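With compact mmCIF, C-alpha atoms inside, this is data-v8.txt:
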```txt
# COMPACT_ATOMS: atom_id res chain seq x y z
CA MET A 1285 -31.09 -2.91 14.34
CA ASN A 1286 -29.88 -1.86 10.91
CA LYS A 1287 -29.80 1.94 11.07
CA LYS A 1288 -28.21 4.04 8.30
CA ILE A 1289 -25.58 6.52 9.47
CA ASP A 1290 -24.33 9.35 7.29
CA ILE A 1291 -21.48 11.31 8.83
CA ASN A 1292 -22.00 14.09 6.28
CA LYS A 1293 -25.07 15.05 8.30
CA PHE A 1294 -23.02 15.46 11.49
CA GLU A 1295 -21.96 18.83 12.74
CA ARG A 1296 -18.31 19.07 11.64
CA ARG A 1297 -16.93 20.49 14.82
CA ILE A 1298 -13.58 19.63 16.35
CA PRO A 1299 -14.47 18.48 19.85
CA PHE A 1300 -11.22 19.66 21.44
CA SER A 1301 -10.49 22.87 23.27
CA VAL A 1302 -7.39 24.80 24.34
CA PRO A 1303 -6.52 26.76 27.50
CA SER A 1304 -7.88 30.32 27.42
CA GLY A 1305 -5.64 32.83 25.62
CA TYR A 1306 -3.58 29.99 24.23
CA PHE A 1307 -3.23 31.24 20.66
CA LYS A 1308 -2.31 34.74 21.81
CA ASP A 1309 0.59 33.31 23.84
CA LEU A 1310 1.53 30.77 21.18
CA LYS A 1311 2.56 33.48 18.74
CA PHE A 1312 4.99 35.00 21.26
CA GLU A 1313 6.32 31.60 22.28
CA ILE A 1314 7.09 30.79 18.66
CA GLN A 1315 8.78 34.16 18.14
CA ASN A 1316 10.86 33.74 21.31
CA LYS A 1317 11.89 30.25 20.28
CA CYS A 1318 13.00 31.47 16.86
CA ILE A 1319 14.97 34.37 18.37
CA SER A 1320 16.64 32.16 20.99
CA LYS A 1321 17.55 29.60 18.32
CA GLU A 1322 19.13 32.33 16.23
CA LYS A 1323 21.10 33.68 19.18
CA GLY A 1324 21.99 30.13 20.04
CA SER A 1325 23.30 29.43 16.56
CA SER A 1326 25.57 32.52 16.49
CA PHE A 1327 26.69 31.75 20.04
CA SER A 1328 27.27 28.13 19.13
CA ILE A 1329 29.75 29.15 16.38
CA VAL A 1330 31.85 30.99 18.97
CA HIS A 1331 31.22 28.17 21.43
CA SER A 1332 32.39 25.54 18.94
CA LEU A 1333 35.60 27.52 18.30
CA VAL A 1334 36.57 27.55 21.99
CA PRO A 1335 37.95 23.96 22.12
CA THR A 1336 39.87 24.51 18.87
CA ILE A 1337 41.41 27.71 20.20
CA GLY A 1338 42.18 25.93 23.48
CA ILE A 1339 43.97 23.08 21.69
CA LEU A 1340 45.92 25.56 19.55
CA LEU A 1341 47.01 27.51 22.64
CA PHE A 1342 48.04 24.26 24.32
CA PHE A 1343 50.27 23.26 21.41
CA ILE A 1344 51.73 26.76 21.10
CA THR A 1345 52.61 26.70 24.82
CA ILE A 1346 54.23 23.26 24.57
CA PHE A 1347 56.15 24.27 21.41
CA ASN A 1348 57.46 27.40 23.14
CA SER A 1349 58.54 25.49 26.23
CA ILE A 1350 60.42 22.92 24.08
CA GLU A 1351 62.16 25.75 22.23
CA THR A 1352 63.19 27.35 25.53
CA THR A 1353 64.44 24.03 26.95
CA ASN A 1354 66.51 23.28 23.84
CA SER A 1355 68.25 26.65 23.98
CA GLU A 1356 69.03 26.04 27.63
CA ILE A 1357 70.52 22.58 26.92
CA GLU A 1358 73.44 24.00 24.92
CA LEU A 1359 76.02 23.78 27.75
CA THR A 1360 79.69 24.72 27.55
CA GLU A 1361 82.54 22.64 28.97
CA ASN A 1362 82.90 25.08 31.84
CA ASP A 1363 79.23 24.62 32.69
CA LEU A 1364 79.76 20.87 32.92
CA ILE A 1365 82.81 21.19 35.12
CA ALA A 1366 81.01 23.63 37.37
CA TYR A 1367 78.05 21.26 37.57
CA LEU A 1368 80.26 18.26 38.46
CA GLU A 1369 82.16 20.25 41.05
CA ASN A 1370 78.96 21.31 42.71
CA ASN A 1371 76.94 18.15 42.43
CA LEU A 1372 79.26 15.15 42.60
CA SER A 1373 79.58 13.87 46.13
CA ASP A 1374 82.86 12.55 47.53
CA GLU A 1375 81.29 9.14 48.04
CA LEU A 1376 80.43 8.90 44.36
CA LEU A 1377 83.98 9.89 43.36
CA TYR A 1378 85.42 7.30 45.75
CA GLU A 1379 83.22 4.58 44.29
CA TYR A 1380 84.29 5.62 40.79
CA SER A 1381 88.01 5.46 41.68
CA ILE A 1382 87.57 1.93 43.14
CA LEU A 1383 85.86 0.84 39.96
CA GLU A 1384 88.64 2.28 37.81
CA ASP A 1385 91.33 0.55 39.94
CA LYS A 1386 89.48 -2.72 39.71
CA ASN A 1387 89.33 -2.48 35.94
CA GLU A 1388 93.08 -1.76 35.78
CA ASP A 1389 93.86 -4.71 38.09
CA ASP A 1390 91.76 -7.00 35.91
CA GLU A 1391 93.65 -5.94 32.82
CA LEU A 1392 97.04 -6.49 34.50
CA SER A 1393 96.10 -9.90 35.85
CA ASP A 1394 95.10 -10.95 32.31
CA GLU A 1395 98.53 -9.89 31.03
CA PHE A 1396 100.33 -11.78 33.81
CA ASP A 1397 98.27 -14.91 33.11
CA TYR A 1398 99.35 -14.71 29.47
CA LEU A 1399 103.03 -14.36 30.38
CA PHE A 1400 102.86 -17.27 32.80
CA GLU A 1401 101.16 -19.44 30.26
CA TYR A 1402 103.85 -18.96 27.60
CA ASP A 1403 106.75 -19.12 30.08
CA PHE A 1404 107.90 -15.66 29.29
CA ASP A 1405 111.42 -14.45 30.24
CA TYR A 1406 110.72 -11.86 32.95
CA SER A 1407 114.17 -10.41 32.82
CA LEU A 1408 113.47 -9.21 29.32
CA PHE A 1409 110.26 -7.72 30.39
CA ILE A 1410 111.76 -5.91 33.39
CA ASN A 1411 114.63 -4.55 31.38
CA MET B 1171 -2.49 43.87 7.99
CA GLY B 1172 -3.25 43.40 4.32
CA GLU B 1173 -3.31 40.13 2.42
CA TYR B 1174 -0.13 39.10 0.69
CA THR B 1175 0.50 36.53 -1.98
CA ASP B 1176 2.95 33.71 -1.30
CA ASN B 1177 5.52 35.35 -3.57
CA GLN B 1178 5.22 38.66 -1.72
CA ILE B 1179 5.66 36.91 1.62
CA LEU B 1180 8.74 35.08 0.34
CA GLU B 1181 10.21 38.31 -0.97
CA MET B 1182 9.55 40.04 2.36
CA PHE B 1183 11.07 37.13 4.26
CA ARG B 1184 14.26 37.23 2.18
CA ASN B 1185 14.69 40.92 2.96
CA SER B 1186 16.23 41.31 6.45
CA LYS B 1187 14.24 44.52 7.04
CA THR B 1188 10.84 42.90 6.44
CA ARG B 1189 11.72 39.36 7.54
CA ASN B 1190 9.98 39.58 10.92
CA LEU B 1191 6.90 41.19 9.39
CA ALA B 1192 6.61 38.33 6.90
CA PHE B 1193 7.03 35.72 9.62
CA ASN B 1194 4.42 37.39 11.83
CA HIS B 1195 2.06 37.29 8.90
CA ILE B 1196 2.75 33.58 8.40
CA ILE B 1197 2.10 32.85 12.08
CA ASN B 1198 -1.11 34.89 12.13
CA GLN B 1199 -2.41 33.20 9.02
CA ASN B 1200 -1.50 29.64 9.95
CA GLN B 1201 -1.01 29.04 13.66
CA LYS B 1202 -4.61 28.06 14.43
CA ARG B 1203 -5.17 25.71 11.55
CA VAL B 1204 -1.72 24.15 11.90
CA TYR B 1205 -2.34 23.59 15.62
CA TRP B 1206 -5.72 21.94 14.99
CA HIS B 1207 -4.28 19.82 12.21
CA ILE B 1208 -1.59 18.54 14.58
CA ARG B 1209 -4.00 18.17 17.48
CA LYS B 1210 -6.21 15.86 15.45
CA ILE B 1211 -3.21 13.64 14.77
CA VAL B 1212 -1.61 13.50 18.24
CA ILE B 1213 -4.80 14.20 20.28
CA SER B 1214 -3.06 15.56 23.38
CA HIS B 1215 -2.85 19.34 23.76
CA GLU B 1216 0.66 19.23 25.25
CA ASP B 1217 2.06 17.25 22.30
CA ALA B 1218 0.22 19.45 19.80
CA ASN B 1219 1.62 22.57 21.46
CA ASP B 1220 5.21 21.29 21.27
CA ILE B 1221 4.89 20.18 17.66
CA THR B 1222 3.23 23.43 16.56
CA GLN B 1223 6.13 25.43 18.01
CA ASP B 1224 8.73 23.12 16.46
CA THR B 1225 6.93 23.34 13.11
CA PHE B 1226 7.12 27.14 13.02
CA VAL B 1227 10.74 27.13 14.15
CA LYS B 1228 11.45 24.87 11.15
CA VAL B 1229 9.52 27.25 8.93
CA TRP B 1230 11.65 30.13 10.22
CA ASN B 1231 14.85 28.20 9.60
CA ASN B 1232 13.97 26.82 6.17
CA LEU B 1233 11.72 29.32 4.44
CA ASP B 1234 14.78 30.86 2.77
CA SER B 1235 15.37 27.62 0.89
CA PHE B 1236 11.67 27.12 0.04
CA LYS B 1237 11.50 26.96 -3.75
CA GLY B 1238 7.80 27.84 -4.05
CA ALA B 1239 6.85 24.60 -5.80
CA SER B 1240 3.78 24.39 -3.54
CA LYS B 1241 1.73 26.84 -1.50
CA ILE B 1242 3.35 28.06 1.70
CA TYR B 1243 0.50 26.75 3.80
CA THR B 1244 0.64 23.22 2.32
CA TRP B 1245 4.42 23.26 2.86
CA ILE B 1246 3.83 24.16 6.52
CA TYR B 1247 1.21 21.42 6.75
CA THR B 1248 3.75 18.92 5.36
CA ILE B 1249 6.25 19.87 8.07
CA ALA B 1250 3.54 19.66 10.74
CA THR B 1251 2.34 16.27 9.46
CA ASN B 1252 5.87 14.84 9.37
CA GLU B 1253 6.62 16.12 12.86
CA SER B 1254 3.40 14.58 14.18
CA ILE B 1255 4.04 11.22 12.51
CA ASN B 1256 7.59 11.29 13.92
CA LEU B 1257 6.19 11.72 17.40
CA LEU B 1258 3.85 8.74 16.90
CA LYS B 1259 6.81 6.71 15.59
CA LYS B 1260 8.82 7.61 18.68
CA ARG B 1261 5.94 6.38 20.82
CA LYS B 1262 5.79 3.24 18.70
CA LYS B 1263 9.48 2.56 19.33
CA HIS B 1264 9.06 3.31 23.01
CA TYR B 1265 6.17 0.90 23.48
CA PHE B 1266 7.27 -1.62 20.79
CA GLU B 1267 3.89 -1.26 19.10
CA SER B 1268 2.76 -0.80 15.51
CA LEU B 1269 1.99 2.75 14.37
CA ASP B 1270 -1.68 1.94 14.01
CA LEU B 1271 -1.84 0.48 17.47
CA VAL B 1272 -0.32 3.72 18.75
CA SER B 1273 -3.14 5.55 16.94
CA TYR B 1274 -5.65 3.30 18.63
CA ARG B 1275 -4.05 3.98 22.00
CA LEU B 1276 -4.67 7.66 21.30
CA SER B 1277 -8.37 6.98 21.67
CA GLU B 1278 -7.70 6.24 25.32
CA LYS B 1279 -6.40 9.78 25.59
CA LEU B 1280 -9.76 11.12 24.43
CA PHE B 1281 -11.25 10.05 27.72
CA ALA B 1282 -8.39 11.42 29.79
CA ASP B 1283 -8.00 14.72 27.91
CA ASN B 1284 -8.95 17.78 29.97
CA TYR B 1285 -9.50 19.75 26.80
CA PHE B 1286 -12.05 17.48 25.19
CA ASN B 1287 -15.44 19.15 25.24
CA GLY B 1288 -17.37 17.16 22.66
CA LYS B 1289 -20.71 15.49 22.89
CA ASP B 1290 -20.93 11.73 23.24
CA ILE B 1291 -21.42 11.16 19.50
CA GLU B 1292 -18.44 13.42 18.74
CA ARG B 1293 -16.25 11.37 21.05
CA LYS B 1294 -17.47 8.23 19.32
CA LEU B 1295 -16.71 9.76 15.92
CA GLN B 1296 -13.18 10.55 17.09
CA GLU B 1297 -12.80 6.98 18.30
CA ALA B 1298 -13.95 5.70 14.91
CA ILE B 1299 -11.48 7.99 13.12
CA LEU B 1300 -8.68 6.68 15.32
CA THR B 1301 -9.29 3.15 14.07
CA LEU B 1302 -8.10 4.25 10.58
CA PRO B 1303 -4.48 3.76 9.49
CA THR B 1304 -2.47 6.89 10.33
CA LYS B 1305 -2.09 8.37 6.84
CA GLN B 1306 -5.71 7.62 5.94
CA ARG B 1307 -6.78 9.23 9.21
CA ILE B 1308 -4.79 12.38 8.45
CA ALA B 1309 -6.25 12.61 4.94
CA PHE B 1310 -9.77 12.04 6.25
CA ASN B 1311 -9.39 14.77 8.89
CA MET B 1312 -8.15 17.27 6.32
CA LYS B 1313 -11.09 16.59 4.01
CA TYR B 1314 -13.86 16.08 6.54
CA PHE B 1315 -13.12 18.79 9.14
CA GLU B 1316 -11.16 21.34 7.13
CA ASN B 1317 -12.77 20.75 3.74
CA MET B 1318 -9.37 21.09 2.09
CA LYS B 1319 -9.10 20.64 -1.66
CA TYR B 1320 -7.85 17.24 -2.78
CA ASP B 1321 -5.06 19.00 -4.68
CA ASP B 1322 -3.83 20.60 -1.46
CA ILE B 1323 -4.08 17.33 0.51
CA SER B 1324 -2.14 15.70 -2.30
CA GLU B 1325 0.62 18.32 -1.92
CA VAL B 1326 0.80 17.72 1.82
CA LEU B 1327 0.80 13.92 1.79
CA GLY B 1328 2.43 13.28 -1.57
CA THR B 1329 -0.44 10.97 -2.58
CA SER B 1330 -2.33 11.18 -5.87
CA VAL B 1331 -5.75 12.85 -5.92
CA GLY B 1332 -7.38 9.66 -7.20
CA ALA B 1333 -5.97 7.59 -4.35
CA LEU B 1334 -7.07 10.24 -1.84
CA LYS B 1335 -10.65 10.21 -3.14
CA ALA B 1336 -10.83 6.42 -2.96
CA ASN B 1337 -9.30 6.47 0.50
CA TYR B 1338 -11.76 9.06 1.75
CA HIS B 1339 -14.70 7.05 0.49
CA HIS B 1340 -13.33 3.89 2.10
CA ALA B 1341 -12.62 5.68 5.41
CA LYS B 1342 -16.11 7.21 5.49
CA ASN B 1343 -17.72 3.77 5.08
CA LYS B 1344 -15.50 2.29 7.76
CA ILE B 1345 -16.39 5.06 10.22
CA GLU B 1346 -20.11 4.74 9.52
CA GLU B 1347 -19.88 0.98 10.11
CA PHE B 1348 -18.11 1.61 13.42
CA LEU B 1349 -20.80 4.09 14.50
CA LYS B 1350 -23.60 1.75 13.45
CA GLU B 1351 -22.43 -0.72 16.07
CA TYR B 1352 -22.52 2.08 18.63
```

Target encoding structure tokens, full file:
Amino acid sequence: MNKKIDINKFERRIPFSVPSGYFKDLKFEIQNKCISKEKGSSFSIVHSLVPTIGILLFFITIFNSIETTNSEIELTENDLIAYLENNLSDELLYEYSILEDKNEDDELSDEFDYLFEYDFDYSLFIN
Amino acid sequence: MGEYTDNQILEMFRNSKTRNLAFNHIINQNQKRVYWHIRKIVISHEDANDITQDTFVKVWNNLDSFKGASKIYTWIYTIATNESINLLKKRKKHYFESLDLVSYRLSEKLFADNYFNGKDIERKLQEAILTLPTKQRIAFNMKYFENMKYDDISEVLGTSVGALKANYHHAKNKIEEFLKEY
């Protein structure tokens, strides 16, 4: 069948519908969205500054603590002596003295080896 | 509320004291036609509702920088059209389909839509319209259902008036062919 169709003769109606009262609510929803976006944008400026301020505070705190530590590091000789007196154990001092003696012995033995090697006259050395 | 010209509305909007009044006027004047324009593109009420709201939020955010090179309502239509096409593109990416196939899939929604109250021939007409390429479909809807001037459609779509006229004629023939088979 070859029928002629002309859509200009159709009723030009949009065949969709919306929930009742939709357009009344839509206006308020749009207004609320715009207001909340605006509040959000001003809040977001403050919000975006928070990490920056946090980082700044962190560095200021660290800088201050380093400054304090440095001023505390300037020790006098008396401070050092007091520290050693209070903190060095007897065992540590004993170990240190053994080490010192050993070093001295090593040096002496080297000298004796030298004298033996060149047949040195000990009488001269003793006198 | 009296009628205002576009220039008056822009002036009111740029004044913080009358900004809300101007925006209310814009919503009152445009919300219905913008919604229906979007609805014809995306078919589903839920999508149309979201896009309509987003469109007016964009209007609110950008009207200050609107230069007035076109009418306010065609500018709003341009935003609405772009937002709707973006949604279809998102669907296209999601389903790995062409944009026109996404449009065709929309026809399936016609049958599932709770807010479709057309007669059988009206449903068939909508199906026929959905077989058109997206931009041609949008142009056809604006001319056929809203009887918009070609100049205004041209402002919205950025297509020449001549091309729009030829497209409309071509779309009309295609739709009538589709309906003939029905």

Taking only C-alpha atoms into account, name the residue in B:Ile1179, B:Ile1308, B:Ala1341, B:Ala1336 that is nearest to B:Phe1236.
B:Ile1179

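Take atom CA of A:Phe1300 and atom CA of B:Lys1335: the distance between them is 26.3 Å.
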
Could you list, as an NGL selection string, every residue of chain A that has an atom within 12 Å of an atom of chain B, counting only C-alpha atoms?
:A and (1285-1304 or 1306-1322 or 1325)

Save out the residues we just selected, C-alpha atoms, as a CSV table (one decimal), keeping the file's coordinate frame.
```
chain,number,residue,atom,x,y,z
A,1285,MET,CA,-31.1,-2.9,14.3
A,1286,ASN,CA,-29.9,-1.9,10.9
A,1287,LYS,CA,-29.8,1.9,11.1
A,1288,LYS,CA,-28.2,4.0,8.3
A,1289,ILE,CA,-25.6,6.5,9.5
A,1290,ASP,CA,-24.3,9.4,7.3
A,1291,ILE,CA,-21.5,11.3,8.8
A,1292,ASN,CA,-22.0,14.1,6.3
A,1293,LYS,CA,-25.1,15.0,8.3
A,1294,PHE,CA,-23.0,15.5,11.5
A,1295,GLU,CA,-22.0,18.8,12.7
A,1296,ARG,CA,-18.3,19.1,11.6
A,1297,ARG,CA,-16.9,20.5,14.8
A,1298,ILE,CA,-13.6,19.6,16.4
A,1299,PRO,CA,-14.5,18.5,19.8
A,1300,PHE,CA,-11.2,19.7,21.4
A,1301,SER,CA,-10.5,22.9,23.3
A,1302,VAL,CA,-7.4,24.8,24.3
A,1303,PRO,CA,-6.5,26.8,27.5
A,1304,SER,CA,-7.9,30.3,27.4
A,1306,TYR,CA,-3.6,30.0,24.2
A,1307,PHE,CA,-3.2,31.2,20.7
A,1308,LYS,CA,-2.3,34.7,21.8
A,1309,ASP,CA,0.6,33.3,23.8
A,1310,LEU,CA,1.5,30.8,21.2
A,1311,LYS,CA,2.6,33.5,18.7
A,1312,PHE,CA,5.0,35.0,21.3
A,1313,GLU,CA,6.3,31.6,22.3
A,1314,ILE,CA,7.1,30.8,18.7
A,1315,GLN,CA,8.8,34.2,18.1
A,1316,ASN,CA,10.9,33.7,21.3
A,1317,LYS,CA,11.9,30.2,20.3
A,1318,CYS,CA,13.0,31.5,16.9
A,1319,ILE,CA,15.0,34.4,18.4
A,1320,SER,CA,16.6,32.2,21.0
A,1321,LYS,CA,17.6,29.6,18.3
A,1322,GLU,CA,19.1,32.3,16.2
A,1325,SER,CA,23.3,29.4,16.6
```

Using all atoms of stretch 1316-1320 of chain B listed in the file and a margin of 5 Å per side, can you give the axis-aligned box centre and edge lengths in Å to one decimal, as JSON?
```
{"center_x": -10.3, "center_y": 19.3, "center_z": 2.2, "size_x": 14.9, "size_y": 14.1, "size_z": 19.9}
```

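For the point (3.9, 15.4, 2.6), the residues with an atom at a distance of at most 12 Å are Ser1240, Tyr1243, Thr1244, Trp1245, Ile1246, Tyr1247, Thr1248, Ile1249, Ala1250, Thr1251, Asn1252, Glu1253, Ser1254, Ile1255, Lys1305, Ile1308, Ala1309, Asp1322, Ile1323, Ser1324, Glu1325, Val1326, Leu1327, Gly1328, Thr1329 and Ser1330 of chain B, counting all atoms listed in the file.
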
For B:Asp1321, the nearest of the candidates B:Lys1241, B:His1340, B:Arg1307, B:Lys1262, counting only C-alpha atoms:
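Closest residue, counting only C-alpha atoms: B:Lys1241.
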
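For the atom pair formed by atom CA of B:Lys1187 and atom CA of B:Asp1234, the distance is 14.3 Å, given to one decimal.
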
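One finds atom CA of B:His1339 at 14.0 Å from atom CA of B:Pro1303.
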
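If all atoms listed in the file are the atoms counted, then among B:Leu1334, B:Ala1298, B:Ile1242, B:Ile1211 the closest residue to B:Thr1175 is B:Ile1242.
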